[in-house]
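First up is the structure itself, then whatever we jot down about it.
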Amino acid sequence: MGLDDRKLDVLRAIVEDYVATQEPVGSKALVERHQLGVSPATVRNDMAVLEEEGYIRQPHTSAGRVPTDRGYRLFVDRLSRVKPLTPAERRAIERFLVGAVDLDDVVHRTVRLLAQLTRQVAVVQYPSLTRSSLRHLELVPISTTRLMAVMIADTGRVEQRLVELPAPIPADDVTDLRRVINEKLCGTRFSDTPPLIQALVEEAAPDLKGAMTSLSTVLLETLVERQDERIALAGTANLTRGGLLDFQGSLRPILEALEEEVILLKLIGEVEPSTLRVRIGDENEIDNLRAASVVSTGYGPGATIVGGLGVLGPTRMDYPGTIATVRAVARYVGDLLAQN
C-alpha cells in the first residue's frame, strides 16, 4: 500500500525524534513537537497504518513507536534534502585535511575527521593499488647484487621492495634499467601493466636481461598479484554512545566484524563512481552487522575512484547529516589527491 504525504510526514517525524531522543515516540509528543496540522487521534490512526505496514514497531507494551529497518529505508529514499554542512564545518574539513604531509597523514586525518563529525565508527580504505597508476619507479642500489625498488603511485601511495639480482650490476646499468622501466610503465594503471612488464623482459639488452627478469618478477608481484589492501579505522568508542535498543542490546557482533579487514573492505571497498550507498540493518550481507547501518562512497582524484570511505553506526542514525558529511569529506580528499 502506498503511503500518502501525511503518513510520510508522520514517519519522518518519528525517525527524527527517535534519532534525537533515543526514546520511543508517542502520538502526543509528535503533535507537540511537529507542525503536522492534524489531531492526536489522526496521528494515532496514521501510526497504526505505519505499524501495520511494517515501517514502525512498538518495542514494549504501553510505549511509543520506533522505526524499523523498512521505515528507515523509506525515510532515506524519500529524503527531500540532505542536511547541508555549515560554513564552519566546511572550513574545519578543509583546514584539517589541507595540513596533511603525505598519504598516510591524509588517510589518518580523514578517518579521525569522519569519526568526529558523524560520531560514528569511520572506515577509510587506502588508495587501492589495482586502481592506481605508476607515477615513478626509483631503483636504489643496496649492493652490487641487490636493489631497492621504490614504486610511487599517482595517489601518493609508496611501495618498497628488495630485488635480488642474479649477478653484480654496475651503476650505469641501474640507471638504464630505471629509465627503460619508467618510459614503459609511467602513467599506466597497475592492473594494465603485465603485458608491458613482459615486453620489458623480451626487449631488454642481453647484458640486462637477467636483472630485468628479476625486477619484472618483483614488479608483477607488487603491482598486480599482491592484493595488499589497507584500512584505517577510528571512532569505535562511539558505538557505546547509544541506547539499549541500539545493536539489539549487544555490541559484541559489531566489534568482532570490525576486527576483520576483509569485512571492512567489503563494506566500503566495492564502490562505483559518484555513488553513495546506504545499507540499513538486514540489508547488510554480513550477519554480524544486521543491527547496524553503513553509509559509504568512493573517493579519488577527478572521476577516478581509488578507494572507499564511510561510517558505521546504529540504524538510529542521523542519515541526512551523515550522508552530507561522508559526501563532503570524500570530495575534499579527492580534491587533495588531484592537487598532489
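Note on naming: chains are A, B, ... as they come in the C-alpha cells, residues start from 1 per chain, ligands start from 1 in the order shown.
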
So that I can see what lies close to Val98 of chain A, please list as number ranges by chain the residues with an atom at most 12 Å from it, counting only C-alpha atoms and leaving out residues fewer than 5 positions away in the same chain.
A: 91-93, 103, 105-107, 109-110, 329, 332-337, 339-340

Store the residues picked out above in a file with N, CA and C atoms, as a PDB file, in the first residue's frame.
ATOM      1  N   ARG A  91      34.824  24.691   6.607  1.00  0.00           N
ATOM      2  CA  ARG A  91      36.162  25.246   6.884  1.00  0.00           C
ATOM      3  C   ARG A  91      36.985  24.270   7.730  1.00  0.00           C
ATOM      4  N   ALA A  92      36.324  23.623   8.684  1.00  0.00           N
ATOM      5  CA  ALA A  92      37.028  22.672   9.551  1.00  0.00           C
ATOM      6  C   ALA A  92      37.565  21.492   8.740  1.00  0.00           C
ATOM      7  N   ILE A  93      36.747  20.977   7.812  1.00  0.00           N
ATOM      8  CA  ILE A  93      37.189  19.867   6.957  1.00  0.00           C
ATOM      9  C   ILE A  93      38.395  20.305   6.131  1.00  0.00           C
ATOM     10  N   LEU A 103      50.470  10.635   2.151  1.00  0.00           N
ATOM     11  CA  LEU A 103      49.251   9.829   2.004  1.00  0.00           C
ATOM     12  C   LEU A 103      48.797   9.229   3.334  1.00  0.00           C
ATOM     13  N   ASP A 105      49.204  10.408   6.227  1.00  0.00           N
ATOM     14  CA  ASP A 105      48.619  11.501   7.009  1.00  0.00           C
ATOM     15  C   ASP A 105      47.221  11.849   6.500  1.00  0.00           C
ATOM     16  N   VAL A 106      47.044  11.853   5.182  1.00  0.00           N
ATOM     17  CA  VAL A 106      45.721  12.124   4.595  1.00  0.00           C
ATOM     18  C   VAL A 106      44.703  11.101   5.093  1.00  0.00           C
ATOM     19  N   VAL A 107      45.072   9.815   5.034  1.00  0.00           N
ATOM     20  CA  VAL A 107      44.137   8.752   5.431  1.00  0.00           C
ATOM     21  C   VAL A 107      43.800   8.852   6.917  1.00  0.00           C
ATOM     22  N   ARG A 109      44.074  11.465   8.955  1.00  0.00           N
ATOM     23  CA  ARG A 109      43.287  12.669   9.238  1.00  0.00           C
ATOM     24  C   ARG A 109      41.831  12.473   8.795  1.00  0.00           C
ATOM     25  N   THR A 110      41.649  11.846   7.631  1.00  0.00           N
ATOM     26  CA  THR A 110      40.297  11.642   7.092  1.00  0.00           C
ATOM     27  C   THR A 110      39.464  10.769   8.009  1.00  0.00           C
ATOM     28  N   VAL A 329      33.437  14.966   2.804  1.00  0.00           N
ATOM     29  CA  VAL A 329      34.804  14.530   3.111  1.00  0.00           C
ATOM     30  C   VAL A 329      35.409  13.796   1.914  1.00  0.00           C
ATOM     31  N   TYR A 332      36.510  16.408  -0.623  1.00  0.00           N
ATOM     32  CA  TYR A 332      37.728  17.114  -0.222  1.00  0.00           C
ATOM     33  C   TYR A 332      38.970  16.229  -0.381  1.00  0.00           C
ATOM     34  N   VAL A 333      38.858  14.949  -0.002  1.00  0.00           N
ATOM     35  CA  VAL A 333      40.003  14.034  -0.142  1.00  0.00           C
ATOM     36  C   VAL A 333      40.353  13.862  -1.621  1.00  0.00           C
ATOM     37  N   GLY A 334      39.329  13.721  -2.474  1.00  0.00           N
ATOM     38  CA  GLY A 334      39.578  13.612  -3.916  1.00  0.00           C
ATOM     39  C   GLY A 334      40.284  14.838  -4.465  1.00  0.00           C
ATOM     40  N   ASP A 335      39.834  16.027  -4.038  1.00  0.00           N
ATOM     41  CA  ASP A 335      40.483  17.273  -4.497  1.00  0.00           C
ATOM     42  C   ASP A 335      41.938  17.321  -4.041  1.00  0.00           C
ATOM     43  N   LEU A 336      42.189  16.851  -2.813  1.00  0.00           N
ATOM     44  CA  LEU A 336      43.549  16.859  -2.265  1.00  0.00           C
ATOM     45  C   LEU A 336      44.457  15.943  -3.073  1.00  0.00           C
ATOM     46  N   LEU A 337      43.947  14.752  -3.410  1.00  0.00           N
ATOM     47  CA  LEU A 337      44.746  13.812  -4.217  1.00  0.00           C
ATOM     48  C   LEU A 337      45.002  14.380  -5.607  1.00  0.00           C
ATOM     49  N   GLN A 339      45.312  17.534  -6.418  1.00  0.00           N
ATOM     50  CA  GLN A 339      46.296  18.625  -6.345  1.00  0.00           C
ATOM     51  C   GLN A 339      47.707  18.082  -6.173  1.00  0.00           C
ATOM     52  N   ASN A 340      47.827  16.936  -5.527  1.00  0.00           N
ATOM     53  CA  ASN A 340      49.163  16.431  -5.199  1.00  0.00           C
ATOM     54  C   ASN A 340      49.590  15.280  -6.077  1.00  0.00           C
TER      55      ASN A 340
END

Could you name the residues that touch Arg131 of chain A at 9 Å or less, counting only C-alpha atoms, but leaving out those on the same chain fewer than 3 positions away, as a PyMOL selection string?
chain A and resi 127-128+189-191+304-307

Would you save the residues from that selection as a PDB file, in the first residue's frame, using N, CA, C and O atoms?
ATOM      1  N   PRO A 127      44.185   4.216  -0.853  1.00  0.00           N
ATOM      2  CA  PRO A 127      44.032   4.073  -2.300  1.00  0.00           C
ATOM      3  C   PRO A 127      44.488   2.694  -2.774  1.00  0.00           C
ATOM      4  O   PRO A 127      45.583   2.243  -2.437  1.00  0.00           O
ATOM      5  N   SER A 128      43.633   2.024  -3.493  1.00  0.00           N
ATOM      6  CA  SER A 128      43.912   0.665  -3.944  1.00  0.00           C
ATOM      7  C   SER A 128      44.974   0.670  -5.040  1.00  0.00           C
ATOM      8  O   SER A 128      44.894   1.452  -5.988  1.00  0.00           O
ATOM      9  N   ARG A 189      47.907   2.244 -15.486  1.00  0.00           N
ATOM     10  CA  ARG A 189      47.268   1.637 -14.310  1.00  0.00           C
ATOM     11  C   ARG A 189      47.975   0.336 -13.978  1.00  0.00           C
ATOM     12  O   ARG A 189      48.337  -0.437 -14.873  1.00  0.00           O
ATOM     13  N   PHE A 190      48.166   0.098 -12.678  1.00  0.00           N
ATOM     14  CA  PHE A 190      48.887  -1.104 -12.265  1.00  0.00           C
ATOM     15  C   PHE A 190      48.257  -2.370 -12.842  1.00  0.00           C
ATOM     16  O   PHE A 190      48.954  -3.299 -13.227  1.00  0.00           O
ATOM     17  N   SER A 191      46.934  -2.398 -12.900  1.00  0.00           N
ATOM     18  CA  SER A 191      46.250  -3.598 -13.393  1.00  0.00           C
ATOM     19  C   SER A 191      46.488  -3.837 -14.883  1.00  0.00           C
ATOM     20  O   SER A 191      46.240  -4.935 -15.386  1.00  0.00           O
ATOM     21  N   THR A 304      38.142   9.525 -11.136  1.00  0.00           N
ATOM     22  CA  THR A 304      38.785   8.249 -10.844  1.00  0.00           C
ATOM     23  C   THR A 304      38.559   7.864  -9.393  1.00  0.00           C
ATOM     24  O   THR A 304      38.854   8.630  -8.484  1.00  0.00           O
ATOM     25  N   ILE A 305      38.010   6.671  -9.166  1.00  0.00           N
ATOM     26  CA  ILE A 305      37.798   6.182  -7.808  1.00  0.00           C
ATOM     27  C   ILE A 305      38.974   5.285  -7.439  1.00  0.00           C
ATOM     28  O   ILE A 305      39.266   4.309  -8.127  1.00  0.00           O
ATOM     29  N   VAL A 306      39.667   5.615  -6.341  1.00  0.00           N
ATOM     30  CA  VAL A 306      40.836   4.816  -5.937  1.00  0.00           C
ATOM     31  C   VAL A 306      40.608   4.093  -4.609  1.00  0.00           C
ATOM     32  O   VAL A 306      41.418   3.257  -4.211  1.00  0.00           O
ATOM     33  N   GLY A 307      39.520   4.421  -3.914  1.00  0.00           N
ATOM     34  CA  GLY A 307      39.244   3.759  -2.643  1.00  0.00           C
ATOM     35  C   GLY A 307      37.870   4.131  -2.140  1.00  0.00           C
ATOM     36  O   GLY A 307      37.151   4.928  -2.759  1.00  0.00           O
TER      37      GLY A 307
END

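Using only C-alpha atoms, the smallest distance between any of A:Thr118, A:Asn182, A:Thr130, A:Ser214 and Val163 of chain A comes from A:Ser214.
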
Could you please determine the separation between atom CA of Tyr55 of chain A and atom CA of Val76 of chain A in Å, to one decimal place?
12.4 Å

Long-range neighbours of Val326 of chain A as a PDB file with all heavy atoms, in the first residue's frame, 9 Å cut-off, only C-alpha atoms, 2 positions minimum in chain:
ATOM      1  N   LEU A 114      36.099  12.032   9.986  1.00  0.00           N
ATOM      2  CA  LEU A 114      34.790  11.400   9.778  1.00  0.00           C
ATOM      3  C   LEU A 114      34.185  10.934  11.095  1.00  0.00           C
ATOM      4  O   LEU A 114      32.987  11.102  11.341  1.00  0.00           O
ATOM      5  CB  LEU A 114      34.938  10.203   8.836  1.00  0.00           C
ATOM      6  CG  LEU A 114      34.693  10.414   7.349  1.00  0.00           C
ATOM      7  CD1 LEU A 114      34.933   9.106   6.605  1.00  0.00           C
ATOM      8  CD2 LEU A 114      33.276  10.915   7.083  1.00  0.00           C
ATOM      9  N   THR A 118      30.669  12.728  12.418  1.00  0.00           N
ATOM     10  CA  THR A 118      29.449  11.911  12.383  1.00  0.00           C
ATOM     11  C   THR A 118      29.149  11.252  13.732  1.00  0.00           C
ATOM     12  O   THR A 118      28.047  10.764  13.939  1.00  0.00           O
ATOM     13  CB  THR A 118      29.550  10.802  11.324  1.00  0.00           C
ATOM     14  OG1 THR A 118      30.617   9.902  11.684  1.00  0.00           O
ATOM     15  CG2 THR A 118      29.813  11.374   9.941  1.00  0.00           C
ATOM     16  N   LEU A 276      26.754   7.030  -3.698  1.00  0.00           N
ATOM     17  CA  LEU A 276      26.746   6.943  -2.239  1.00  0.00           C
ATOM     18  C   LEU A 276      25.768   5.841  -1.865  1.00  0.00           C
ATOM     19  O   LEU A 276      24.652   5.801  -2.376  1.00  0.00           O
ATOM     20  CB  LEU A 276      26.334   8.271  -1.600  1.00  0.00           C
ATOM     21  CG  LEU A 276      26.432   8.254  -0.077  1.00  0.00           C
ATOM     22  CD1 LEU A 276      27.105   9.516   0.447  1.00  0.00           C
ATOM     23  CD2 LEU A 276      25.057   8.088   0.559  1.00  0.00           C
ATOM     24  N   VAL A 295      27.017   3.901   5.767  1.00  0.00           N
ATOM     25  CA  VAL A 295      26.935   4.921   4.717  1.00  0.00           C
ATOM     26  C   VAL A 295      28.325   5.023   4.104  1.00  0.00           C
ATOM     27  O   VAL A 295      29.296   5.315   4.799  1.00  0.00           O
ATOM     28  CB  VAL A 295      26.515   6.292   5.293  1.00  0.00           C
ATOM     29  CG1 VAL A 295      26.480   7.350   4.187  1.00  0.00           C
ATOM     30  CG2 VAL A 295      25.158   6.190   5.972  1.00  0.00           C
ATOM     31  N   SER A 296      28.445   4.755   2.800  1.00  0.00           N
ATOM     32  CA  SER A 296      29.780   4.716   2.185  1.00  0.00           C
ATOM     33  C   SER A 296      29.759   5.302   0.782  1.00  0.00           C
ATOM     34  O   SER A 296      28.715   5.376   0.138  1.00  0.00           O
ATOM     35  CB  SER A 296      30.292   3.271   2.132  1.00  0.00           C
ATOM     36  OG  SER A 296      29.422   2.461   1.346  1.00  0.00           O
ATOM     37  N   THR A 297      30.928   5.707   0.330  1.00  0.00           N
ATOM     38  CA  THR A 297      31.084   6.225  -1.026  1.00  0.00           C
ATOM     39  C   THR A 297      32.528   6.028  -1.469  1.00  0.00           C
ATOM     40  O   THR A 297      33.397   5.683  -0.658  1.00  0.00           O
ATOM     41  CB  THR A 297      30.694   7.718  -1.096  1.00  0.00           C
ATOM     42  OG1 THR A 297      30.621   8.116  -2.471  1.00  0.00           O
ATOM     43  CG2 THR A 297      31.710   8.607  -0.382  1.00  0.00           C
ATOM     44  N   LEU A 309      35.351   5.083   1.440  1.00  0.00           N
ATOM     45  CA  LEU A 309      35.318   5.545   2.834  1.00  0.00           C
ATOM     46  C   LEU A 309      33.867   5.569   3.288  1.00  0.00           C
ATOM     47  O   LEU A 309      32.941   5.618   2.478  1.00  0.00           O
ATOM     48  CB  LEU A 309      35.983   6.909   2.990  1.00  0.00           C
ATOM     49  CG  LEU A 309      35.455   8.125   2.199  1.00  0.00           C
ATOM     50  CD1 LEU A 309      34.212   8.736   2.837  1.00  0.00           C
ATOM     51  CD2 LEU A 309      36.536   9.188   2.109  1.00  0.00           C
ATOM     52  N   GLY A 310      33.673   5.534   4.593  1.00  0.00           N
ATOM     53  CA  GLY A 310      32.308   5.561   5.094  1.00  0.00           C
ATOM     54  C   GLY A 310      32.259   5.460   6.596  1.00  0.00           C
ATOM     55  O   GLY A 310      33.286   5.473   7.276  1.00  0.00           O
ATOM     56  N   VAL A 311      31.037   5.371   7.106  1.00  0.00           N
ATOM     57  CA  VAL A 311      30.837   5.253   8.551  1.00  0.00           C
ATOM     58  C   VAL A 311      29.846   4.137   8.843  1.00  0.00           C
ATOM     59  O   VAL A 311      29.002   3.796   8.012  1.00  0.00           O
ATOM     60  CB  VAL A 311      30.336   6.573   9.175  1.00  0.00           C
ATOM     61  CG1 VAL A 311      31.339   7.688   8.976  1.00  0.00           C
ATOM     62  CG2 VAL A 311      28.980   6.975   8.630  1.00  0.00           C
ATOM     63  N   GLY A 321      22.443  14.195   7.974  1.00  0.00           N
ATOM     64  CA  GLY A 321      23.734  14.776   8.342  1.00  0.00           C
ATOM     65  C   GLY A 321      24.897  13.876   7.980  1.00  0.00           C
ATOM     66  O   GLY A 321      25.939  14.335   7.486  1.00  0.00           O
ATOM     67  N   THR A 322      24.730  12.562   8.197  1.00  0.00           N
ATOM     68  CA  THR A 322      25.810  11.611   7.905  1.00  0.00           C
ATOM     69  C   THR A 322      26.083  11.545   6.410  1.00  0.00           C
ATOM     70  O   THR A 322      27.247  11.543   5.975  1.00  0.00           O
ATOM     71  CB  THR A 322      25.439  10.213   8.444  1.00  0.00           C
ATOM     72  OG1 THR A 322      25.222  10.300   9.857  1.00  0.00           O
ATOM     73  CG2 THR A 322      26.544   9.212   8.167  1.00  0.00           C
ATOM     74  N   ILE A 323      25.034  11.496   5.600  1.00  0.00           N
ATOM     75  CA  ILE A 323      25.203  11.443   4.144  1.00  0.00           C
ATOM     76  C   ILE A 323      25.953  12.685   3.652  1.00  0.00           C
ATOM     77  O   ILE A 323      26.882  12.602   2.848  1.00  0.00           O
ATOM     78  CB  ILE A 323      23.828  11.312   3.452  1.00  0.00           C
ATOM     79  CG1 ILE A 323      23.257   9.909   3.687  1.00  0.00           C
ATOM     80  CG2 ILE A 323      23.920  11.616   1.959  1.00  0.00           C
ATOM     81  CD1 ILE A 323      21.793   9.754   3.296  1.00  0.00           C
ATOM     82  N   ALA A 324      25.558  13.862   4.160  1.00  0.00           N
ATOM     83  CA  ALA A 324      26.209  15.111   3.738  1.00  0.00           C
ATOM     84  C   ALA A 324      27.680  15.112   4.120  1.00  0.00           C
ATOM     85  O   ALA A 324      28.548  15.521   3.332  1.00  0.00           O
ATOM     86  CB  ALA A 324      25.505  16.309   4.379  1.00  0.00           C
ATOM     87  N   ALA A 328      30.887  15.133   1.569  1.00  0.00           N
ATOM     88  CA  ALA A 328      31.783  16.297   1.599  1.00  0.00           C
ATOM     89  C   ALA A 328      33.223  15.872   1.847  1.00  0.00           C
ATOM     90  O   ALA A 328      34.142  16.337   1.169  1.00  0.00           O
ATOM     91  CB  ALA A 328      31.323  17.283   2.676  1.00  0.00           C
ATOM     92  N   VAL A 329      33.437  14.966   2.804  1.00  0.00           N
ATOM     93  CA  VAL A 329      34.804  14.530   3.111  1.00  0.00           C
ATOM     94  C   VAL A 329      35.409  13.796   1.914  1.00  0.00           C
ATOM     95  O   VAL A 329      36.569  14.009   1.562  1.00  0.00           O
ATOM     96  CB  VAL A 329      34.810  13.650   4.381  1.00  0.00           C
ATOM     97  CG1 VAL A 329      36.172  12.992   4.575  1.00  0.00           C
ATOM     98  CG2 VAL A 329      34.463  14.491   5.614  1.00  0.00           C
ATOM     99  N   ALA A 330      34.610  12.956   1.257  1.00  0.00           N
ATOM    100  CA  ALA A 330      35.111  12.245   0.070  1.00  0.00           C
ATOM    101  C   ALA A 330      35.523  13.233  -1.015  1.00  0.00           C
ATOM    102  O   ALA A 330      36.544  13.052  -1.692  1.00  0.00           O
ATOM    103  CB  ALA A 330      34.049  11.285  -0.461  1.00  0.00           C
ATOM    104  N   ARG A 331      34.729  14.289  -1.188  1.00  0.00           N
ATOM    105  CA  ARG A 331      35.050  15.285  -2.221  1.00  0.00           C
ATOM    106  C   ARG A 331      36.354  16.023  -1.886  1.00  0.00           C
ATOM    107  O   ARG A 331      37.203  16.225  -2.744  1.00  0.00           O
ATOM    108  CB  ARG A 331      33.896  16.275  -2.350  1.00  0.00           C
ATOM    109  CG  ARG A 331      34.053  17.223  -3.548  1.00  0.00           C
ATOM    110  CD  ARG A 331      32.785  18.027  -3.788  1.00  0.00           C
ATOM    111  NE  ARG A 331      32.440  18.898  -2.667  1.00  0.00           N
ATOM    112  CZ  ARG A 331      31.405  18.703  -1.853  1.00  0.00           C
ATOM    113  NH1 ARG A 331      30.604  17.663  -2.028  1.00  0.00           N
ATOM    114  NH2 ARG A 331      31.155  19.530  -0.862  1.00  0.00           N
TER     115      ARG A 331
END

Pick from A:Val201, A:Cys186, A:Leu8, A:Ala237, whichever lies nearest to Gln116 of chain A using only C-alpha atoms:
A:Ala237

Residues of segment 106-321 of chain A in helix (DSSP H, G or I), written as a PyMOL selection string
chain A and resi 106-118+129-131+171-185+190-192+194-203+206-225+236-241+246-249+252-258+261-268+281-283+287-289+319-321

For atom CA of Pro170 of chain A and atom CA of Met151 of chain A, determine how far apart the two atoms are, in Å to one decimal place.
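Taking atom CA of Pro170 of chain A and atom CA of Met151 of chain A, their separation equals 21.3 Å.
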
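Atom CA of Asp154 of chain A lies 8.0 Å from atom CA of Gly187 of chain A.
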
For each of A:Gln125, A:Glu159, A:Leu208, A:Gly281, take the minimum atom-to-atom distance to Leu265 of chain A, counting only C-alpha atoms, then give the residue where this is smallest.
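Result for the nearest residue to Leu265 of chain A: A:Gln125.
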
Using only C-alpha atoms, find the one residue out of A:Arg112, A:Arg279, A:Lys184, A:Arg179 that sits nearest to Leu233 of chain A.
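Checking each candidate against Leu233 of chain A, we get A:Arg112 as the closest.
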
Write out as a ChimeraX atom specification the residues lying within 9 Å of Ile152 of chain A, counting only C-alpha atoms and excluding same-chain residues fewer than 6 positions away.
/A:133-138,158-160

Output N, CA and C atoms for every residue in the selection just made, as a PDB file, in the first residue's frame.
ATOM      1  N   SER A 133      47.791   4.308 -10.774  1.00  0.00           N
ATOM      2  CA  SER A 133      48.760   4.286 -11.883  1.00  0.00           C
ATOM      3  C   SER A 133      50.148   4.565 -11.336  1.00  0.00           C
ATOM      4  N   LEU A 134      51.156   4.114 -12.058  1.00  0.00           N
ATOM      5  CA  LEU A 134      52.541   4.338 -11.638  1.00  0.00           C
ATOM      6  C   LEU A 134      52.970   5.746 -12.031  1.00  0.00           C
ATOM      7  N   ARG A 135      53.399   6.517 -11.024  1.00  0.00           N
ATOM      8  CA  ARG A 135      53.923   7.855 -11.293  1.00  0.00           C
ATOM      9  C   ARG A 135      55.422   7.791 -11.560  1.00  0.00           C
ATOM     10  N   HIS A 136      56.145   6.986 -10.759  1.00  0.00           N
ATOM     11  CA  HIS A 136      57.604   6.912 -10.914  1.00  0.00           C
ATOM     12  C   HIS A 136      58.126   5.658 -10.225  1.00  0.00           C
ATOM     13  N   LEU A 137      59.156   5.060 -10.812  1.00  0.00           N
ATOM     14  CA  LEU A 137      59.854   3.948 -10.174  1.00  0.00           C
ATOM     15  C   LEU A 137      61.300   4.358  -9.952  1.00  0.00           C
ATOM     16  N   GLU A 138      61.753   4.238  -8.721  1.00  0.00           N
ATOM     17  CA  GLU A 138      63.143   4.552  -8.395  1.00  0.00           C
ATOM     18  C   GLU A 138      63.863   3.258  -8.038  1.00  0.00           C
ATOM     19  N   VAL A 158      53.197   4.638  -1.684  1.00  0.00           N
ATOM     20  CA  VAL A 158      54.576   4.239  -1.956  1.00  0.00           C
ATOM     21  C   VAL A 158      54.761   2.787  -1.531  1.00  0.00           C
ATOM     22  N   GLU A 159      55.323   1.981  -2.419  1.00  0.00           N
ATOM     23  CA  GLU A 159      55.640   0.592  -2.112  1.00  0.00           C
ATOM     24  C   GLU A 159      57.128   0.379  -2.319  1.00  0.00           C
ATOM     25  N   GLN A 160      57.784  -0.282  -1.371  1.00  0.00           N
ATOM     26  CA  GLN A 160      59.219  -0.560  -1.476  1.00  0.00           C
ATOM     27  C   GLN A 160      59.444  -2.067  -1.452  1.00  0.00           C
TER      28      GLN A 160
END

Which of these, A:Thr325, A:Ser27, A:Ser216, A:Thr275, has the shortest distance to Asp46 of chain A once you count only C-alpha atoms?
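That would be A:Ser27, the residue with the smallest distance to Asp46 of chain A.
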